[in-house]
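Colleague: Quick one: the structure is below, and I'll ask about it shortly.
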There are 2 protein chains.
Amino acid sequence: MANIREIAKLAGVSVTTVSRVINNHPYVSENKRKAVLKAMETLNYKRNIHAIHLAKGRSNMIGIVLPNIDHPYFSQFVEGVAEEAIKHHLQIVLFQTNYEIAKELDALESLRGNLIDGLIFCSRAISLDILYQYNDYGSIVLCEDSDQSIYPSISIPHEQAFQFGLEYLIAKGHTKIAYTLGRREGPNSFKRMQAYEKMMKRINQNIRKEWIFDKCLSITDGSEVMSKFKALKEKPTAFLATNDQVAAGLLLGAKKLGYTVPNDIAILSFDNQPIAELMDISSISIPIKKIGALSVSTLLDTNNQSSKKMILPFKLYERSTV
Amino acid sequence: MANIREIAKLAGVSVTTVSRVINNHPYVSENKRKAVLKAMETLNYKRNIHAIHLAKGRSNMIGIVLPNIDHPYFSQFVEGVAEEAIKHHLQIVLFQTNYEIAKELDALESLRGNLIDGLIFCSRAISLDILYQYNDYGSIVLCEDSDQSIYPSISIPHEQAFQFGLEYLIAKGHTKIAYTLGRREGPNSFKRMQAYEKMMKRINQNIRKEWIFDKCLSITDGSEVMSKFKALKEKPTAFLATNDQVAAGLLLGAKKLGYTVPNDIAILSFDNQPIAELMDISSISIPIKKIGALSVSTLLDTNNQSSKKMILPFKLYERSTV
DNA sequence: TTGTACGCGTTATCAA
DNA sequence: TTGATAACGCGTACAA
């Protein structure tokens with residue numbers, strides 16, 4: 001409860017001097033500094049962070065917007081953010097939105113209300129129009145393959161990567177290719193769908209709606225898709241999966257249903273997480289942690305270069321499922 | 001930028017009245033309320049959260065201390081916390097510690113400095129002695145099978161659950177039982193080790209250090225343990241695994257090395273997450289999300305019952321790996 | 001090198 | 001039903 005004034009009184013100095021000692025400012029004589037430190041000790045002083053935030057107008061906290069933390073992609077992303085944040089003495093506030101726009105607005109309002117200095121959109125549902133309204137209230141970084149020009153964005157080139165995956169499957173002799181998506185509405189999904197349509201046109205294949213599975217994010221989702229695959233009259237020969245979890249589910253589901261991989265059905269996925277290596281799943285790597293870390297440094301850097309787009313490299317890891 | 005005073009001026013009322021309107025207090029005439037709301041609208045008013053925190057002495061933020069978020073156990077835990085927190089309009093601040101005591105101290109200092117109103121220790125490395133020094137600075141909840149009596153704790157009965165798992169393996173004919181641990185130092189691990197020693201004594205088995213594998217948390221860790229298993233002269237016939245990830249790694253590693261499960265080696269794990277169901281791994285469930293959710297409500301409740309210990313039930317799901 | 005005095009934006013108290 | 005004013009605790013011109 002002891003505040004800076006009580007310390008000053010006990011130490012026989014002014015509050016300014018106390019403040020200087022606390023913040024390691026120069027121009028404090030050694031004996032006064034000692035007196036202040038001693039007073040702080042005896043009164044068990046702790047500074048009130050809210051007062052600092054109020055006085056400074058900043059909080060050294062940043063927010064992360066994500067649908068749900070309980071998914072390897074997002075938790076790894078946050079891990080990358082956390083590691084970088086700690087270097088800059090930033091605290092992290094989590095906004096789990098479940099893709100609800102109202103919750104994303106909460107996060108934006110927290111930015112407007114100065115709770116956080118900046119906001120990282122790991123994945124968003126809200127429209128860019130609304131996002132633009134918050135342009136003045138703090139830094140915002142988008143982690144998506146975005147073509148807008150207001151906010152900095154960081155991602156891999158999703159369209160190109162998806163096309164690369166399709167070309168790889170085609171080169172392996174596949175023309176009947178199905179794919180899974182997290183959710184149709186996301187900007188990254190949109191890029192993936194574009195790549196798919198383009199490539200199918202190139203190899204003269206019709207787009208079959210029943211070969212496109214959305215809402216696929218988890219290992220369980222992948223397994224369920226495999227059951228749907230079984231019921232399909234006309235079957236694809238390959239899957240391009242949202243991520244390694246879905247691919248693992250597909251693989252396990254396939255084995256359970258008696259299909260052999262890659263003979264009956266080939267599987268290629270994204271992310272290249274440990275599970276892909278362990279289950280020997282061919283996967284296109286995405287540097288998730290790095291994207292997280294870069295989103296922090298970009299956030300801090302945002303004064304200078306307010307709307308740059310960063311594109312990170314992806315890489316194919318060939319394994320046994322294609 | 002507009003603050004409460006400017007609103008007051010424009011609306012022709014006092015700051016008190018503005019504050020009343022903002023906080024839905026009674027005793028504001030309808031026309032003044034309208035005038036205030038209009039002024040807020042035209043000046044694009046947003047309240048400064050730091051000023052509120054300072055004036056109120058609270059922040060409506062809670063902290064979570066965990067080693068690293070990029071693990072299904074912890075991310076699911078946080079998911080449980082987040083879902084409960086949102087019901088109480090609480091924000092979540094993440095403290096990723098990597099089991100470093102200094103980082104745990106950071107979190108405690110944030111509690112002391114009023115940044116957060118309460119702190120949840122999902123897993124801790126710091127000693128209870130030090131923890132006790134922060135008893136006055138806010139609520140603390142421990143999510144461990146703890147016998148201390150200062151802070152509320154929430155967990156499953158780890159010793160009992162581990163014993164239950166061992167008894168199950170023994171009933172299935174196993175006497176040569178190995179196990180994996182997250183880290184030796186944790187309170188939960190200690191309980192598990194106790195149970196192990198007790199049960200081995202009961203069935204007249206020596207404790208073999210080389211059958212105890214620590215630092216096992218991930219799927220990769222499990223796979224590596226299996227390689228060590230291969231090099232073992234005298235081999236156990238069963239593994240009790242830290243969690244489903246480790247079990248999955250053990251299972252995949254076993255298959256890769258040509259062992260059959262459960263004939264060559266049986267595997268039983270904890271958590272019962274989706275991957276266990278999908279890979280048909282026998283597992284003892286832990287209600288992780290529920291523990292997370294309860295930790296929040298306990299935190300809020302902590303005035304009344306400052307040191308209760310909550311023990312949640314576990315349950316065995318028998319599958320094909322034992 | 002030190003201190004005074006004010007600003008930060010809001011809530012709470014008390015008098016009217 | 002309203003408003004003046006004092007906290008809340010710290011940072012920082014500016015003066016000395």
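In the structure tokens, the first chain shown is A, the next is B, and so on; residue numbers restart at 1 for each chain, and ligands run from 1 in the order shown.
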Could you please write out, as a ChimeraX atom specification, every residue of stretch 156-249 of chain A that DSSP assigns to alpha helix (DSSP H)?
Modeller: /A:158-171,187-202,219-231,244-249
Colleague: Using only C-alpha atoms (C1' of nucleotides), I'd like every residue of chain B that has an atom within 7 Å of chain D; please write them out as a PyMOL selection string.
Modeller: chain B and resi 14+16+27-28+54-55
Colleague: Could you tell me how far atom CA of B:Ala238 lies from atom CA of B:Ile265, in Å and to one decimal?
Modeller: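 Calculated distance between atom CA of B:Ala238 and atom CA of B:Ile265 is 5.1 Å.
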Colleague: Show me, as a list in words, the residues of chain C whose atoms get within 6 Å of chain A, using only C-alpha atoms (C1' of nucleotides) for the distance check.
Modeller: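 Applying the cut-off to the listed atoms yields DT1, DG3 and DC8 of chain C.
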Colleague: Check every residue of chain A for an atom within 8 Å of chain B, counting only C-alpha atoms, and provide those that qualify as a PDB file with N, CA and C atoms, in the first residue's frame.
Modeller:
```
ATOM      1  N   LYS A  46       5.760  -1.413  -3.418  1.00  0.00           N
ATOM      2  CA  LYS A  46       5.551  -1.953  -4.768  1.00  0.00           C
ATOM      3  C   LYS A  46       4.890  -0.870  -5.581  1.00  0.00           C
ATOM      4  N   ARG A  47       5.341  -0.713  -6.786  1.00  0.00           N
ATOM      5  CA  ARG A  47       4.733   0.346  -7.574  1.00  0.00           C
ATOM      6  C   ARG A  47       3.435  -0.149  -8.188  1.00  0.00           C
ATOM      7  N   ASN A  48       2.521   0.746  -8.284  1.00  0.00           N
ATOM      8  CA  ASN A  48       1.220   0.404  -8.867  1.00  0.00           C
ATOM      9  C   ASN A  48       1.273   0.561 -10.376  1.00  0.00           C
ATOM     10  N   ILE A  49       1.117  -0.562 -11.013  1.00  0.00           N
ATOM     11  CA  ILE A  49       1.312  -0.578 -12.451  1.00  0.00           C
ATOM     12  C   ILE A  49       0.240   0.233 -13.187  1.00  0.00           C
ATOM     13  N   HIS A  50      -0.944   0.315 -12.607  1.00  0.00           N
ATOM     14  CA  HIS A  50      -2.016   1.060 -13.279  1.00  0.00           C
ATOM     15  C   HIS A  50      -1.697   2.555 -13.315  1.00  0.00           C
ATOM     16  N   ALA A  51      -1.119   3.018 -12.240  1.00  0.00           N
ATOM     17  CA  ALA A  51      -0.750   4.435 -12.202  1.00  0.00           C
ATOM     18  C   ALA A  51       0.296   4.728 -13.269  1.00  0.00           C
ATOM     19  N   HIS A  53       0.728   3.012 -16.034  1.00  0.00           N
ATOM     20  CA  HIS A  53       0.055   2.938 -17.335  1.00  0.00           C
ATOM     21  C   HIS A  53      -0.705   4.233 -17.622  1.00  0.00           C
ATOM     22  N   LEU A  54      -1.381   4.698 -16.598  1.00  0.00           N
ATOM     23  CA  LEU A  54      -2.173   5.912 -16.787  1.00  0.00           C
ATOM     24  C   LEU A  54      -1.273   7.091 -17.105  1.00  0.00           C
ATOM     25  N   ASN A  68      -9.338 -20.284 -30.945  1.00  0.00           N
ATOM     26  CA  ASN A  68      -9.223 -21.068 -29.711  1.00  0.00           C
ATOM     27  C   ASN A  68      -7.797 -21.550 -29.550  1.00  0.00           C
ATOM     28  N   ILE A  69      -7.371 -21.492 -28.324  1.00  0.00           N
ATOM     29  CA  ILE A  69      -5.965 -21.781 -28.032  1.00  0.00           C
ATOM     30  C   ILE A  69      -5.676 -23.268 -28.085  1.00  0.00           C
ATOM     31  N   ASP A  70      -6.710 -24.079 -27.935  1.00  0.00           N
ATOM     32  CA  ASP A  70      -6.490 -25.524 -27.849  1.00  0.00           C
ATOM     33  C   ASP A  70      -6.340 -26.167 -29.224  1.00  0.00           C
ATOM     34  N   HIS A  71      -5.369 -25.691 -29.943  1.00  0.00           N
ATOM     35  CA  HIS A  71      -5.042 -26.289 -31.232  1.00  0.00           C
ATOM     36  C   HIS A  71      -3.555 -26.047 -31.471  1.00  0.00           C
ATOM     37  N   PRO A  72      -2.841 -27.073 -31.894  1.00  0.00           N
ATOM     38  CA  PRO A  72      -1.398 -26.937 -32.045  1.00  0.00           C
ATOM     39  C   PRO A  72      -0.970 -25.717 -32.854  1.00  0.00           C
ATOM     40  N   SER A  75      -1.495 -22.637 -30.526  1.00  0.00           N
ATOM     41  CA  SER A  75      -0.675 -22.628 -29.315  1.00  0.00           C
ATOM     42  C   SER A  75       0.793 -22.467 -29.679  1.00  0.00           C
ATOM     43  N   GLN A  76       1.164 -23.001 -30.813  1.00  0.00           N
ATOM     44  CA  GLN A  76       2.543 -22.805 -31.259  1.00  0.00           C
ATOM     45  C   GLN A  76       2.760 -21.354 -31.679  1.00  0.00           C
ATOM     46  N   VAL A  78       1.229 -18.801 -30.384  1.00  0.00           N
ATOM     47  CA  VAL A  78       1.333 -18.024 -29.148  1.00  0.00           C
ATOM     48  C   VAL A  78       2.697 -18.228 -28.498  1.00  0.00           C
ATOM     49  N   GLU A  79       3.205 -19.439 -28.614  1.00  0.00           N
ATOM     50  CA  GLU A  79       4.534 -19.695 -28.069  1.00  0.00           C
ATOM     51  C   GLU A  79       5.567 -18.792 -28.739  1.00  0.00           C
ATOM     52  N   ALA A  82       5.051 -15.334 -27.413  1.00  0.00           N
ATOM     53  CA  ALA A  82       5.489 -15.205 -26.022  1.00  0.00           C
ATOM     54  C   ALA A  82       6.997 -15.078 -25.927  1.00  0.00           C
ATOM     55  N   GLN A  91       3.751  -7.924 -21.872  1.00  0.00           N
ATOM     56  CA  GLN A  91       2.820  -8.935 -21.382  1.00  0.00           C
ATOM     57  C   GLN A  91       1.842  -9.292 -22.493  1.00  0.00           C
ATOM     58  N   ILE A  92       1.301 -10.473 -22.394  1.00  0.00           N
ATOM     59  CA  ILE A  92       0.375 -10.939 -23.421  1.00  0.00           C
ATOM     60  C   ILE A  92      -1.022 -11.125 -22.866  1.00  0.00           C
ATOM     61  N   VAL A  93      -1.971 -10.504 -23.530  1.00  0.00           N
ATOM     62  CA  VAL A  93      -3.369 -10.698 -23.158  1.00  0.00           C
ATOM     63  C   VAL A  93      -4.038 -11.526 -24.247  1.00  0.00           C
ATOM     64  N   LEU A  94      -4.723 -12.555 -23.811  1.00  0.00           N
ATOM     65  CA  LEU A  94      -5.306 -13.500 -24.749  1.00  0.00           C
ATOM     66  C   LEU A  94      -6.762 -13.159 -25.041  1.00  0.00           C
ATOM     67  N   PHE A  95      -7.107 -13.111 -26.310  1.00  0.00           N
ATOM     68  CA  PHE A  95      -8.509 -12.937 -26.679  1.00  0.00           C
ATOM     69  C   PHE A  95      -8.959 -14.152 -27.472  1.00  0.00           C
ATOM     70  N   GLN A  96      -9.604 -15.041 -26.796  1.00  0.00           N
ATOM     71  CA  GLN A  96     -10.107 -16.238 -27.471  1.00  0.00           C
ATOM     72  C   GLN A  96     -11.495 -15.927 -28.004  1.00  0.00           C
ATOM     73  N   ARG A 112      -8.651   0.252 -28.206  1.00  0.00           N
ATOM     74  CA  ARG A 112      -9.127   1.629 -28.180  1.00  0.00           C
ATOM     75  C   ARG A 112      -9.095   2.203 -26.766  1.00  0.00           C
ATOM     76  N   GLY A 113      -9.383   1.344 -25.805  1.00  0.00           N
ATOM     77  CA  GLY A 113      -9.391   1.789 -24.420  1.00  0.00           C
ATOM     78  C   GLY A 113      -8.020   1.763 -23.772  1.00  0.00           C
ATOM     79  N   ASN A 114      -6.998   1.509 -24.587  1.00  0.00           N
ATOM     80  CA  ASN A 114      -5.620   1.560 -24.118  1.00  0.00           C
ATOM     81  C   ASN A 114      -5.192   0.415 -23.220  1.00  0.00           C
ATOM     82  N   LEU A 115      -6.050  -0.587 -23.061  1.00  0.00           N
ATOM     83  CA  LEU A 115      -5.615  -1.714 -22.246  1.00  0.00           C
ATOM     84  C   LEU A 115      -4.358  -2.323 -22.839  1.00  0.00           C
ATOM     85  N   ILE A 219      -7.705 -33.503 -35.296  1.00  0.00           N
ATOM     86  CA  ILE A 219      -7.458 -34.891 -35.656  1.00  0.00           C
ATOM     87  C   ILE A 219      -8.779 -35.657 -35.781  1.00  0.00           C
ATOM     88  N   THR A 220      -9.719 -35.303 -34.922  1.00  0.00           N
ATOM     89  CA  THR A 220     -11.033 -35.942 -34.981  1.00  0.00           C
ATOM     90  C   THR A 220     -11.759 -35.575 -36.274  1.00  0.00           C
ATOM     91  N   SER A 223     -10.492 -37.683 -39.069  1.00  0.00           N
ATOM     92  CA  SER A 223     -11.008 -39.040 -39.014  1.00  0.00           C
ATOM     93  C   SER A 223     -12.441 -39.116 -39.551  1.00  0.00           C
ATOM     94  N   GLY A 249      -5.589 -37.504 -38.637  1.00  0.00           N
ATOM     95  CA  GLY A 249      -6.930 -38.090 -38.530  1.00  0.00           C
ATOM     96  C   GLY A 249      -7.315 -38.846 -39.779  1.00  0.00           C
ATOM     97  N   LEU A 252      -5.233 -42.116 -39.788  1.00  0.00           N
ATOM     98  CA  LEU A 252      -5.732 -43.103 -38.837  1.00  0.00           C
ATOM     99  C   LEU A 252      -7.099 -43.642 -39.263  1.00  0.00           C
ATOM    100  N   PRO A 274       5.627 -31.894 -35.410  1.00  0.00           N
ATOM    101  CA  PRO A 274       6.234 -33.169 -35.011  1.00  0.00           C
ATOM    102  C   PRO A 274       5.389 -34.394 -35.357  1.00  0.00           C
ATOM    103  N   ILE A 275       4.083 -34.272 -35.235  1.00  0.00           N
ATOM    104  CA  ILE A 275       3.230 -35.429 -35.508  1.00  0.00           C
ATOM    105  C   ILE A 275       3.371 -35.890 -36.958  1.00  0.00           C
ATOM    106  N   LEU A 278       6.528 -37.910 -37.184  1.00  0.00           N
ATOM    107  CA  LEU A 278       6.389 -39.174 -36.478  1.00  0.00           C
ATOM    108  C   LEU A 278       5.482 -40.156 -37.211  1.00  0.00           C
ATOM    109  N   MET A 279       4.445 -39.643 -37.830  1.00  0.00           N
ATOM    110  CA  MET A 279       3.534 -40.532 -38.546  1.00  0.00           C
ATOM    111  C   MET A 279       3.915 -40.632 -40.016  1.00  0.00           C
TER     112      MET A 279
END
```
Colleague: Could you name the residues that touch A:Val21 at 8 Å or less, counting only C-alpha atoms (C1' of nucleotides), but leaving out those on the same chain fewer than 6 positions away, as a PyMOL selection string?
Modeller: chain A and resi 28+33+36-37
Colleague: Go ahead and dump the residues you just picked, N, CA, C and O atoms, as a PDB file, in the first residue's frame.
Modeller:
```
ATOM      1  N   VAL A  28      20.998  11.397  -9.375  1.00  0.00           N
ATOM      2  CA  VAL A  28      20.586  11.140  -7.998  1.00  0.00           C
ATOM      3  C   VAL A  28      21.858  10.847  -7.206  1.00  0.00           C
ATOM      4  O   VAL A  28      22.634   9.979  -7.589  1.00  0.00           O
ATOM      5  N   ARG A  33      19.993   8.048  -2.978  1.00  0.00           N
ATOM      6  CA  ARG A  33      19.554   6.789  -3.586  1.00  0.00           C
ATOM      7  C   ARG A  33      19.476   5.710  -2.522  1.00  0.00           C
ATOM      8  O   ARG A  33      18.501   4.962  -2.441  1.00  0.00           O
ATOM      9  N   VAL A  36      16.500   6.177  -0.292  1.00  0.00           N
ATOM     10  CA  VAL A  36      15.253   5.786  -0.968  1.00  0.00           C
ATOM     11  C   VAL A  36      15.114   4.274  -0.982  1.00  0.00           C
ATOM     12  O   VAL A  36      14.054   3.729  -0.659  1.00  0.00           O
ATOM     13  N   LEU A  37      16.182   3.617  -1.357  1.00  0.00           N
ATOM     14  CA  LEU A  37      16.120   2.158  -1.439  1.00  0.00           C
ATOM     15  C   LEU A  37      15.785   1.560  -0.076  1.00  0.00           C
ATOM     16  O   LEU A  37      15.006   0.610   0.029  1.00  0.00           O
TER      17      LEU A  37
END
```
Colleague: Please list as a PDB file with N, CA and C atoms, in the first residue's frame every residue within 10 Å of B:Tyr132, counting only C-alpha atoms (C1' of nucleotides) and excluding residues in the same chain fewer than 5 positions away.
Modeller:
```pdb
ATOM      1  N   SER B 127       9.171 -22.583  -5.051  1.00  0.00           N
ATOM      2  CA  SER B 127       8.854 -23.281  -3.802  1.00  0.00           C
ATOM      3  C   SER B 127       7.648 -22.652  -3.109  1.00  0.00           C
ATOM      4  N   ILE B 140      -4.533 -16.590  -5.146  1.00  0.00           N
ATOM      5  CA  ILE B 140      -3.713 -17.542  -5.881  1.00  0.00           C
ATOM      6  C   ILE B 140      -4.397 -18.902  -5.827  1.00  0.00           C
ATOM      7  N   ILE B 150      -2.471 -23.263   2.508  1.00  0.00           N
ATOM      8  CA  ILE B 150      -2.669 -21.820   2.383  1.00  0.00           C
ATOM      9  C   ILE B 150      -3.544 -21.489   1.178  1.00  0.00           C
ATOM     10  N   TYR B 151      -3.193 -22.080   0.051  1.00  0.00           N
ATOM     11  CA  TYR B 151      -3.896 -21.740  -1.177  1.00  0.00           C
ATOM     12  C   TYR B 151      -4.856 -22.849  -1.594  1.00  0.00           C
TER      13      TYR B 151
END
```
Colleague: Give me the residues near B:Glu100 as a PyMOL selection string, where near means some atom within 10 Å (using only C-alpha atoms (C1' of nucleotides)) and where sequence neighbours in that chain fewer than 6 positions away do not count.
Modeller: chain B and resi 67+124-126
Colleague: Enter the distance from atom CA of A:Arg192 to atom CA of A:Ala241, in Å, rounded to one decimal.
Modeller: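 Between these atoms lies a distance of 11.0 Å.
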Colleague: Enumerate as a list in words all residues of stretch 50-200 of chain B assigned to strand (DSSP E) by DSSP on the backbone, naming them with the chain letters and numbers the document uses.
Modeller: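 The strand (DSSP E) residues within stretch 50-200 of chain B come out as Met61, Ile62, Gly63, Ile64, Val65, Leu66, Gln91, Ile92, Val93, Leu94, Phe95, Gln96, Gly118, Leu119, Ile120, Phe121, Ser139, Ile140, Val141, Leu142, Ser153, Ile154, Ser155, Ile177, Ala178, Tyr179 and Thr180 of chain B.
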Colleague: To one decimal place in Å, what is the distance between atom CA of A:Val81 and atom CA of B:Leu119?
Modeller: 20.8 Å
Colleague: Ranking B:Met226, B:Ile177, B:Leu142, B:Ala2 by minimum distance to B:Asn206 and counting only C-alpha atoms, which one comes first?
Modeller: B:Ile177
